[in-house]
file model_9.txt (compact mmCIF, C-alpha atoms)
# COMPACT_ATOMS: atom_id res chain seq x y z
CA ARG A 216 -16.14 16.93 -14.06
CA ARG A 217 -17.50 17.45 -10.58
CA ARG A 218 -15.65 15.54 -7.85
CA GLY A 219 -18.89 14.13 -6.41
CA ALA A 220 -19.93 12.69 -9.75
CA VAL A 221 -16.50 11.20 -10.22
CA GLY A 222 -16.70 9.61 -6.77
CA VAL A 223 -20.02 7.90 -7.45
CA ARG A 224 -18.88 6.70 -10.87
CA ALA A 225 -15.60 5.48 -9.43
CA TRP A 226 -17.44 3.49 -6.76
CA VAL A 227 -19.78 1.86 -9.26
CA ARG A 228 -16.84 0.87 -11.45
CA ALA A 229 -14.73 -0.22 -8.50
CA ALA A 230 -17.50 -2.37 -7.07
CA ALA A 231 -18.01 -4.14 -10.37
CA TRP A 232 -14.26 -4.50 -10.84
CA CYS A 233 -13.78 -5.91 -7.31
CA CYS A 234 -16.53 -8.46 -7.85
CA TRP A 235 -14.96 -9.53 -11.15
CA TRP A 236 -11.46 -9.66 -9.66
CA MET A 237 -12.59 -11.74 -6.68
CA GLY A 238 -13.79 -14.36 -9.15
CA CYS A 239 -10.45 -14.54 -10.95
CA VAL A 240 -8.66 -16.82 -8.49
CA ALA A 241 -7.98 -19.34 -11.25
CA VAL A 242 -5.82 -16.95 -13.25
CA THR A 243 -2.32 -18.39 -13.52
CA GLY A 244 1.16 -17.29 -14.58
CA ALA A 245 2.31 -13.69 -14.48
CA LYS A 246 -1.02 -12.34 -15.73
CA ARG A 247 -2.82 -10.35 -13.05
CA GLY A 248 0.52 -10.20 -11.28
CA GLU A 249 0.92 -13.80 -10.22
CA ALA A 250 4.71 -13.73 -10.31
CA GLY A 251 5.58 -17.22 -9.19
CA THR A 252 4.28 -17.23 -5.61
CA THR A 253 1.00 -17.91 -3.88
CA ALA A 254 -0.62 -15.82 -1.19
CA MET A 255 0.77 -16.13 2.31
CA ALA A 256 -2.58 -16.42 4.05
CA ALA A 257 -1.97 -20.01 5.16
CA ALA A 258 1.42 -19.09 6.60
CA VAL A 259 0.16 -16.84 9.37
CA GLU A 260 -2.19 -18.11 12.05
CA GLY A 261 -5.55 -16.52 12.55
CA VAL A 262 -5.84 -14.57 9.32
CA CYS A 263 -9.19 -13.80 7.75
CA PRO A 264 -10.20 -15.00 4.28
CA PRO A 265 -8.38 -13.16 1.48
CA GLY A 266 -9.42 -9.53 1.26
CA GLU A 267 -11.42 -9.56 4.49
CA PRO A 268 -9.98 -7.12 7.01
CA GLU A 269 -8.38 -8.59 10.10
CA VAL A 270 -8.30 -5.98 12.86
CA GLN A 271 -5.56 -6.06 15.48
CA ARG A 272 -6.22 -3.69 18.41
CA PHE A 273 -3.53 -2.48 20.78
CA PRO A 274 -3.66 -0.42 24.00
CA SER A 275 -0.83 1.84 22.84
CA THR A 276 1.16 2.82 19.78
CA ASP A 277 4.23 1.09 21.24
CA GLU A 278 2.37 -2.23 21.37
CA LEU A 279 0.92 -1.56 17.92
CA SER A 280 4.44 -1.17 16.55
CA GLN A 281 5.53 -4.44 18.17
CA GLY A 282 2.53 -6.21 16.67
CA VAL A 283 3.37 -4.94 13.20
CA GLY A 284 6.99 -6.01 13.60
CA ALA A 285 5.92 -9.54 14.47
CA ARG A 286 3.72 -9.79 11.39
CA VAL A 287 6.43 -8.36 9.12
CA LEU A 288 8.73 -11.08 10.44
CA ALA A 289 6.06 -13.72 9.76
CA ALA A 290 5.60 -12.44 6.20
CA THR A 291 9.35 -12.59 5.50
CA LYS A 292 9.57 -16.14 6.87
CA ALA A 293 6.67 -17.19 4.65
CA ALA A 294 8.61 -15.89 1.65
CA ALA A 295 11.97 -17.31 2.72
CA ASP A 296 12.39 -19.27 -0.51
CA LYS A 297 12.16 -16.15 -2.66
CA ASP A 298 15.18 -14.30 -4.04
CA LYS A 299 13.46 -10.94 -3.72
CA PHE A 300 11.07 -9.52 -1.17
CA LEU A 301 9.16 -6.59 -2.65
CA VAL A 302 7.98 -3.94 -0.20
CA ALA A 303 5.97 -0.74 -0.71
CA LEU A 304 5.89 1.90 2.02
CA SER A 305 3.77 4.96 2.56
CA GLY A 306 4.48 8.10 4.54
CA GLY A 307 2.56 10.25 6.99
CA SER A 308 2.56 8.74 10.48
CA LEU A 309 3.54 5.27 9.23
CA PRO A 310 7.35 5.59 9.44
CA LYS A 311 7.22 6.53 13.14
CA LEU A 312 4.59 3.92 13.99
CA LEU A 313 6.51 1.18 12.21
CA ALA A 314 10.05 1.98 13.30
CA ALA A 315 10.38 0.49 16.80
CA GLY A 316 8.65 -2.79 15.99
CA LEU A 317 10.60 -3.33 12.80
CA LEU A 318 13.93 -2.50 14.41
CA ASP A 319 13.21 -4.98 17.22
CA VAL A 320 13.00 -7.90 14.75
CA ALA A 321 15.62 -6.61 12.30
CA ASP A 322 18.24 -9.16 13.35
CA GLN A 323 15.85 -11.97 12.33
CA ILE A 324 15.19 -10.70 8.80
CA ASP A 325 17.36 -11.07 5.70
CA PHE A 326 17.11 -7.50 4.44
CA SER A 327 19.47 -8.20 1.54
CA LYS A 328 16.39 -9.54 -0.27
CA TRP A 329 14.32 -6.43 0.30
CA HIS A 330 13.50 -4.14 -2.61
CA VAL A 331 11.82 -1.06 -1.18
CA PHE A 332 9.45 1.06 -3.24
CA PHE A 333 7.04 3.74 -2.11
CA ALA A 334 3.30 3.23 -2.34
CA ASP A 335 3.10 6.95 -2.89
CA GLU A 336 5.57 9.77 -2.87
CA ARG A 337 5.45 13.54 -2.90
CA TYR A 338 7.08 15.11 -5.97
CA VAL A 339 9.86 16.72 -3.95
CA ALA A 340 13.60 16.27 -3.53
CA HIS A 341 14.69 13.22 -1.55
CA ASP A 342 15.98 15.45 1.24
CA ASP A 343 12.83 17.57 1.43
CA PRO A 344 10.94 17.38 4.76
CA ASP A 345 7.83 16.28 2.80
CA SER A 346 9.63 13.27 1.27
CA ASN A 347 8.30 9.86 2.30
CA LEU A 348 11.67 8.39 1.41
CA LEU A 349 13.39 10.77 3.84
CA ALA A 350 10.91 9.94 6.62
CA CYS A 351 11.47 6.21 6.19
CA GLN A 352 15.24 6.67 5.97
CA GLU A 353 15.38 8.71 9.16
CA ASN A 354 13.06 6.46 11.15
CA PHE A 355 14.32 3.01 10.21
CA LEU A 356 15.84 2.34 6.79
CA ALA A 357 19.17 3.99 7.60
CA LYS A 358 19.30 2.11 10.91
CA ILE A 359 18.92 -1.38 9.44
CA LYS A 360 22.02 -3.26 8.38
CA GLY A 361 21.54 -5.30 5.27
CA ILE A 362 19.21 -3.08 3.24
CA LYS A 363 21.17 -2.24 0.13
CA PRO A 364 20.97 1.46 -0.80
CA GLU A 365 20.53 0.51 -4.45
CA HIS A 366 17.44 -1.49 -3.44
CA VAL A 367 15.63 1.57 -2.09
CA TYR A 368 13.90 3.25 -5.01
CA GLY A 369 13.13 6.96 -4.93
CA ILE A 370 11.33 8.90 -7.62
CA ASP A 371 12.98 11.00 -10.31
CA ILE A 372 12.10 14.70 -9.96
CA SER A 373 14.32 15.82 -12.86
CA VAL A 374 11.37 15.22 -15.20
CA PRO A 375 7.70 16.30 -15.08
CA VAL A 376 5.60 14.41 -12.53
CA GLU A 377 3.74 12.37 -15.17
CA GLU A 378 7.05 11.16 -16.63
CA SER A 379 8.33 10.53 -13.09
CA ALA A 380 5.41 8.14 -12.52
CA ALA A 381 6.13 6.38 -15.82
CA ARG A 382 9.79 5.98 -14.89
CA TYR A 383 8.85 4.61 -11.47
CA GLN A 384 6.61 2.05 -13.14
CA ALA A 385 9.48 1.15 -15.46
CA GLU A 386 11.70 0.58 -12.42
CA ILE A 387 9.16 -1.83 -10.95
CA GLU A 388 9.03 -3.61 -14.31
CA ARG A 389 12.82 -3.90 -14.32
CA VAL A 390 12.99 -5.33 -10.81
CA THR A 391 10.09 -7.75 -11.25
CA GLY A 392 10.73 -8.76 -14.85
CA LEU A 393 7.05 -8.10 -15.60
CA SER A 394 5.52 -5.77 -18.19
CA GLN A 395 2.41 -3.63 -17.99
CA ALA A 396 2.22 -3.73 -21.78
CA ASN A 397 1.83 -7.51 -21.57
CA GLY A 398 -1.05 -7.27 -19.14
CA ASP A 399 1.03 -8.18 -16.08
CA TRP A 400 0.55 -6.82 -12.59
CA PRO A 401 3.37 -6.74 -10.01
CA ARG A 402 2.88 -8.74 -6.84
CA PHE A 403 4.33 -7.02 -3.81
CA ASP A 404 5.11 -9.26 -0.87
CA LEU A 405 4.24 -6.53 1.60
CA VAL A 406 2.54 -3.15 1.31
CA MET A 407 2.37 -0.97 4.42
CA LEU A 408 -0.06 1.95 4.36
CA GLY A 409 -1.57 4.66 6.50
CA MET A 410 -4.90 6.46 6.27
CA GLY A 411 -5.63 10.16 6.41
CA PRO A 412 -8.48 11.72 8.42
CA ASP A 413 -10.45 12.00 5.16
CA GLY A 414 -10.07 8.27 4.49
CA HIS A 415 -7.46 8.61 1.76
CA THR A 416 -4.60 6.17 1.42
CA CYS A 417 -1.51 6.45 -0.76
CA SER A 418 -2.41 9.48 -2.87
CA LEU A 419 -5.90 8.16 -3.61
CA PHE A 420 -8.27 10.85 -2.36
CA PRO A 421 -12.07 10.86 -2.01
CA GLY A 422 -13.84 11.75 -5.24
CA HIS A 423 -10.64 12.07 -7.26
CA PRO A 424 -10.48 10.70 -10.86
CA LEU A 425 -7.45 8.57 -9.90
CA LEU A 426 -9.84 6.24 -8.07
CA GLU A 427 -10.89 5.07 -11.52
CA GLU A 428 -7.38 4.28 -12.79
CA ASN A 429 -7.15 0.57 -13.61
CA THR A 430 -4.48 0.24 -16.30
CA LYS A 431 -1.37 1.97 -14.96
CA TRP A 432 0.73 0.52 -12.14
CA VAL A 433 1.88 3.98 -11.06
CA ALA A 434 -0.09 7.17 -11.65
CA SER A 435 0.69 10.83 -11.17
CA ILE A 436 -1.47 13.46 -9.50
CA GLU A 437 -1.07 17.22 -9.93
CA ASP A 438 -4.02 18.48 -7.87
CA SER A 439 -3.76 16.67 -4.55
CA PRO A 440 -6.21 18.22 -2.05
CA LYS A 441 -3.45 17.79 0.52
CA PRO A 442 -0.15 19.59 -0.12
CA PRO A 443 2.14 19.20 -1.87
CA PRO A 444 -0.14 18.99 -4.93
CA GLN A 445 2.12 16.88 -7.16
CA ARG A 446 2.64 13.22 -6.25
CA ILE A 447 2.91 9.70 -7.63
CA THR A 448 0.93 6.73 -6.33
CA LEU A 449 0.43 3.02 -6.81
CA THR A 450 -3.02 2.21 -8.16
CA TYR A 451 -5.72 -0.08 -6.78
CA PRO A 452 -4.95 -3.07 -9.04
CA VAL A 453 -1.37 -3.09 -7.74
CA LEU A 454 -2.36 -2.65 -4.10
CA ASN A 455 -4.98 -5.37 -4.38
CA ASN A 456 -2.57 -7.82 -5.97
CA ALA A 457 -0.25 -7.82 -2.94
CA ASP A 458 0.40 -10.82 -0.74
CA ASN A 459 0.10 -8.74 2.43
CA VAL A 460 -1.33 -5.27 3.02
CA PHE A 461 -0.87 -3.80 6.49
CA PHE A 462 -2.66 -0.58 7.50
CA LEU A 463 -1.31 1.29 10.52
CA ALA A 464 -3.76 3.75 12.08
CA ALA A 465 -3.56 5.44 15.46
CA GLY A 466 -5.15 8.36 17.22
CA ALA A 467 -8.58 9.88 17.69
CA SER A 468 -8.41 11.62 14.30
CA LYS A 469 -9.09 8.19 12.68
CA VAL A 470 -11.93 7.12 14.97
CA ASP A 471 -14.78 7.95 12.54
CA GLN A 472 -13.00 6.39 9.56
CA ILE A 473 -12.06 3.02 11.08
CA PRO A 474 -15.65 1.63 11.12
CA GLN A 475 -15.99 2.68 7.46
CA THR A 476 -12.80 0.90 6.42
CA ALA A 477 -11.41 -1.76 8.75
CA GLY A 478 -14.90 -2.34 10.12
CA LEU A 479 -16.47 -3.32 6.79
CA SER A 480 -16.56 -6.90 5.54
CA ASN A 481 -16.43 -7.46 1.79
CA ALA A 482 -20.20 -8.09 1.79
CA GLN A 483 -20.86 -4.87 3.68
CA LEU A 484 -18.57 -2.96 1.35
CA ALA A 485 -20.37 -4.29 -1.72
CA ALA A 486 -23.75 -3.35 -0.21
CA LEU A 487 -22.89 0.31 0.34
CA GLU A 488 -25.13 2.75 -1.50
CA THR A 489 -22.65 5.63 -1.30
CA PRO A 490 -18.99 5.78 -2.38
CA PRO A 491 -16.74 4.21 0.25
CA LEU A 492 -13.64 5.86 1.60
CA PRO A 493 -10.60 5.21 -0.62
CA ALA A 494 -8.86 3.14 2.07
CA ALA A 495 -11.85 0.78 2.18
CA LEU A 496 -11.27 -0.21 -1.46
CA VAL A 497 -7.88 -1.75 -0.69
CA ARG A 498 -8.88 -5.44 -0.55
CA PRO A 499 -6.15 -7.93 -1.58
CA THR A 500 -7.73 -10.55 -3.78
CA THR A 501 -5.65 -13.50 -2.60
CA GLY A 502 -3.62 -11.95 0.20
CA ASN A 503 -3.85 -10.78 3.77
CA LEU A 504 -5.39 -7.46 4.81
CA VAL A 505 -4.51 -6.49 8.38
CA TRP A 506 -5.42 -3.27 10.17
CA PHE A 507 -3.25 -2.42 13.18
CA VAL A 508 -5.09 0.15 15.30
CA ASP A 509 -4.73 1.60 18.77
CA GLU A 510 -7.65 1.98 21.14
CA ASP A 511 -8.16 5.66 20.33
CA ALA A 512 -8.63 4.89 16.63
CA ALA A 513 -10.76 1.78 17.33
CA ALA A 514 -13.09 3.39 19.88
CA LYS A 515 -16.14 3.21 17.56
CA LEU A 516 -15.57 -0.31 16.23
call {"tool": "encode", "arguments": {"input": "model_9.txt", "output": "C-alpha cells"}}
result
Amino acid sequence: RRRGAVGVRAWVRAAAWCCWWMGCVAVTGAKRGEAGTTAMAAAVEGVCPPGEPEVQRFPSTDELSQGVGARVLAATKAAADKDKFLVALSGGSLPKLLAAGLLDVADQIDFSKWHVFFADERYVAHDDPDSNLLACQENFLAKIKGIKPEHVYGIDISVPVEESAARYQAEIERVTGLSQANGDWPRFDLVMLGMGPDGHTCSLFPGHPLLEENTKWVASIEDSPKPPPQRITLTYPVLNNADNVFFLAAGASKVDQIPQTAGLSNAQLAALETPPLPAALVRPTTGNLVWFVDEDAAAKL
C-alpha cells in the first residue's frame, strides 16, 4: 500500500474514532481504561477543556524546563491518593529538556509510587546510545532518589521486535491489573512526549500504517523512516486515555509544525481536509493536553 493512501485512510478513520471517543465520557469501570481515577483537569488551574491543547510559551529552554517541572509536581499532587503513578516517557530531545525542571522539584515528589514506561523505544540494547531508557537514565532517572530500579521498565531485545512489543504490553497489564483481551485500556497518569521535525511523535510517523492501529496497547515497527528502523510504540488509544499528556518542543526546527499541532483546536482538527501530523492526533479524551514550547518553536503561532 502506498504511504499517502494509508495516511488519508488513517486520518478518515482517526477522525471518526476521535469523534466517537469524545462522546464516550459516560463509560465507567476499567473499560476504555478508566482504572479507578478521574481526570486531573480540575486539579490544575487554567487548563483547557479535555483534549484541547493548552500552550505554555517560555523565553528559553531553561524556563520551559522549570514550567514542566511545576506541572509534573501538580499532577503528582492531584494523584496523591493513588498507590501507583504511571508515567510514559519518550526520547529525542525530551530527556534533556525535562531534566533540570524535574530535578528541581524532585524533593517534593514521592517517586516510590512511580512506574516508568517508555512511550516508544528503539529496539536496541539498554546501554546503546540510541536507547531512550539510557537517555532518561543519564539525564534524570539515575539522579533521583526514590525511583525504584524495578519500577523502570525497559524492553526485551532477546526476542523479535514484534514479540518484544507483546511482552511490553504484558508488563503494562501486570502492573495495572488490566487486560487488553477484556477490552481494557491502561490509564497513564502522565505521558511526556516530544515531536520530530516531520510531526511524528512516539514512533508514529506520517503516512505509516501504525497510525491506524486501534486494538493493541503496544505495537512494533520494523520500517521506521528514522533510524533505527525497529522500534516499539504506544498506540493512540493508550496515549489518548492518559490523565495528562505533556509535549515538550523547542527550537526553530519545530516552528512550522507547532501551528499544525499545538495551534489546532479540536474543531479545527476535525475540519482539516488533509491528514494531520501524527502529533496533532494526540488528544486526551478526559485529560489535560499541554504543549510546552520556547519562543523559537512558537514563532508562527
call {"tool": "atom_distance", "arguments": {"input": "model_9.txt", "atom1": "CA of Phe355 in chain A", "atom2": "CA of Pro443 in chain A"}}
result
23.6 Å
call {"tool": "atom_distance", "arguments": {"input": "model_9.txt", "atom1": "CA of Ile372 in chain A", "atom2": "CA of Ala334 in chain A"}}
result
16.3 Å
call {"tool": "closest_residue", "arguments": {"input": "model_9.txt", "among": "A:Asn354, A:Asn429, A:Thr476, A:Ser275", "to": "Gly411 in chain A", "atoms": "all atoms listed in the file"}}
result
A:Thr476
call {"tool": "atom_distance", "arguments": {"input": "model_9.txt", "atom1": "CA of Pro344 in chain A", "atom2": "CA of Glu388 in chain A"}}
result
28.4 Å
call {"tool": "closest_residue", "arguments": {"input": "model_9.txt", "among": "A:Phe420, A:Phe273, A:Tyr338, A:Phe300", "to": "His366 in chain A", "atoms": "all atoms listed in the file"}}
result
A:Phe300
call {"tool": "residues_near_point", "arguments": {"input": "model_9.txt", "point": "(-6.6, -1.3, 26.8)", "cutoff": "12 Å", "atoms": "all atoms listed in the file", "output": "mmCIF file with C-alpha atoms, in the frame of the given file"}}
result
data_model
loop_
_atom_site.group_PDB
_atom_site.id
_atom_site.type_symbol
_atom_site.label_atom_id
_atom_site.label_comp_id
_atom_site.auth_asym_id
_atom_site.auth_seq_id
_atom_site.Cartn_x
_atom_site.Cartn_y
_atom_site.Cartn_z
ATOM 1 C CA ARG A 272 -6.220 -3.690 18.410
ATOM 2 C CA PHE A 273 -3.530 -2.480 20.780
ATOM 3 C CA PRO A 274 -3.660 -0.420 24.000
ATOM 4 C CA SER A 275 -0.830 1.840 22.840
ATOM 5 C CA THR A 276 1.160 2.820 19.780
ATOM 6 C CA GLU A 278 2.370 -2.230 21.370
ATOM 7 C CA LEU A 279 0.920 -1.560 17.920
ATOM 8 C CA VAL A 508 -5.090 0.150 15.300
ATOM 9 C CA ASP A 509 -4.730 1.600 18.770
ATOM 10 C CA GLU A 510 -7.650 1.980 21.140
ATOM 11 C CA ASP A 511 -8.160 5.660 20.330
ATOM 12 C CA ALA A 513 -10.760 1.780 17.330
ATOM 13 C CA ALA A 514 -13.090 3.390 19.880
#
call {"tool": "closest_residue", "arguments": {"input": "model_9.txt", "among": "A:Val376, A:Val339, A:Ala464, A:Val497", "to": "Leu479 in chain A", "atoms": "all atoms listed in the file"}}
result
A:Val497
call {"tool": "residues_around", "arguments": {"input": "model_9.txt", "residues": "Lys363 in chain A", "least_positions_apart": "2", "cutoff": "12 Å", "atoms": "only C-alpha atoms", "output": "PyMOL selection string"}}
result
chain A and resi 325-331+356-361+365-368
call {"tool": "residues_near_point", "arguments": {"input": "model_9.txt", "point": "(-9.4, -13.2, 4.1)", "cutoff": "9 Å", "atoms": "only C-alpha atoms", "output": "MDAnalysis selection string"}}
result
chainID A and resid 256 262:269 499:504
call {"tool": "decode", "arguments": {"input": "model_9.txt", "residues": "range 398-409 of chain A", "atoms": "all heavy atoms", "output": "compact mmCIF listing (two decimals), in the first residue's frame"}}
result
# COMPACT_ATOMS: atom_id res chain seq x y z
N GLY A 398 -10.87 -5.93 26.77
CA GLY A 398 -11.32 -4.64 26.26
C GLY A 398 -10.89 -3.46 27.09
O GLY A 398 -11.39 -2.35 26.91
N ASP A 399 -9.96 -3.67 28.02
CA ASP A 399 -9.47 -2.58 28.87
C ASP A 399 -8.45 -1.73 28.13
O ASP A 399 -7.80 -2.20 27.18
CB ASP A 399 -8.80 -3.13 30.14
CG ASP A 399 -9.72 -3.99 30.98
OD1 ASP A 399 -10.95 -3.85 30.87
OD2 ASP A 399 -9.19 -4.82 31.75
N TRP A 400 -8.27 -0.50 28.60
CA TRP A 400 -7.19 0.36 28.16
C TRP A 400 -6.49 0.89 29.39
O TRP A 400 -7.14 1.31 30.35
CB TRP A 400 -7.71 1.53 27.32
CG TRP A 400 -8.28 1.14 26.01
CD1 TRP A 400 -9.60 1.03 25.68
CD2 TRP A 400 -7.56 0.75 24.84
NE1 TRP A 400 -9.75 0.62 24.38
CE2 TRP A 400 -8.51 0.45 23.84
CE3 TRP A 400 -6.19 0.65 24.54
CZ2 TRP A 400 -8.13 0.04 22.55
CZ3 TRP A 400 -5.82 0.26 23.27
CH2 TRP A 400 -6.77 -0.04 22.28
N PRO A 401 -5.15 0.90 29.42
CA PRO A 401 -4.45 1.46 30.58
C PRO A 401 -4.63 2.96 30.64
O PRO A 401 -4.81 3.62 29.62
CB PRO A 401 -2.99 1.08 30.32
CG PRO A 401 -2.89 1.02 28.83
CD PRO A 401 -4.22 0.49 28.35
N ARG A 402 -4.59 3.49 31.86
CA ARG A 402 -4.71 4.94 32.04
C ARG A 402 -3.44 5.45 32.70
O ARG A 402 -3.26 5.33 33.92
CB ARG A 402 -5.93 5.29 32.88
CG ARG A 402 -6.26 6.78 32.91
CD ARG A 402 -7.58 7.04 33.59
NE ARG A 402 -7.99 8.43 33.43
CZ ARG A 402 -8.69 8.89 32.39
NH1 ARG A 402 -9.05 8.06 31.43
NH2 ARG A 402 -9.02 10.16 32.32
N PHE A 403 -2.56 6.01 31.90
CA PHE A 403 -1.34 6.59 32.44
C PHE A 403 -1.66 7.92 33.13
O PHE A 403 -2.46 8.71 32.63
CB PHE A 403 -0.31 6.80 31.33
CG PHE A 403 0.44 5.55 30.96
CD1 PHE A 403 -0.07 4.65 30.02
CD2 PHE A 403 1.65 5.25 31.57
CE1 PHE A 403 0.62 3.50 29.69
CE2 PHE A 403 2.36 4.10 31.23
CZ PHE A 403 1.83 3.21 30.30
N ASP A 404 -1.02 8.13 34.26
CA ASP A 404 -1.19 9.41 34.95
C ASP A 404 -0.51 10.54 34.21
O ASP A 404 -0.99 11.68 34.21
CB ASP A 404 -0.63 9.31 36.37
CG ASP A 404 -1.37 8.29 37.20
OD1 ASP A 404 -2.51 8.58 37.61
OD2 ASP A 404 -0.82 7.19 37.42
N LEU A 405 0.62 10.23 33.57
CA LEU A 405 1.39 11.26 32.90
C LEU A 405 2.17 10.66 31.74
O LEU A 405 2.90 9.69 31.91
CB LEU A 405 2.37 11.91 33.89
CG LEU A 405 3.33 12.97 33.36
CD1 LEU A 405 2.57 14.15 32.76
CD2 LEU A 405 4.26 13.44 34.47
N VAL A 406 1.98 11.24 30.56
CA VAL A 406 2.74 10.87 29.37
C VAL A 406 3.49 12.11 28.90
O VAL A 406 2.88 13.17 28.72
CB VAL A 406 1.83 10.35 28.25
CG1 VAL A 406 2.63 10.06 26.99
CG2 VAL A 406 1.06 9.11 28.70
N MET A 407 4.79 11.99 28.74
CA MET A 407 5.60 13.13 28.29
C MET A 407 6.24 12.79 26.96
O MET A 407 6.97 11.80 26.84
CB MET A 407 6.63 13.50 29.35
CG MET A 407 5.97 14.15 30.56
SD MET A 407 7.12 14.84 31.78
CE MET A 407 7.50 13.37 32.73
N LEU A 408 5.97 13.64 25.96
CA LEU A 408 6.34 13.35 24.58
C LEU A 408 7.11 14.50 23.95
O LEU A 408 7.04 15.64 24.40
CB LEU A 408 5.07 13.10 23.74
CG LEU A 408 4.11 12.02 24.22
CD1 LEU A 408 2.85 12.02 23.35
CD2 LEU A 408 4.79 10.66 24.19
N GLY A 409 7.80 14.18 22.88
CA GLY A 409 8.41 15.18 22.02
C GLY A 409 7.77 15.09 20.64
O GLY A 409 6.85 14.31 20.40
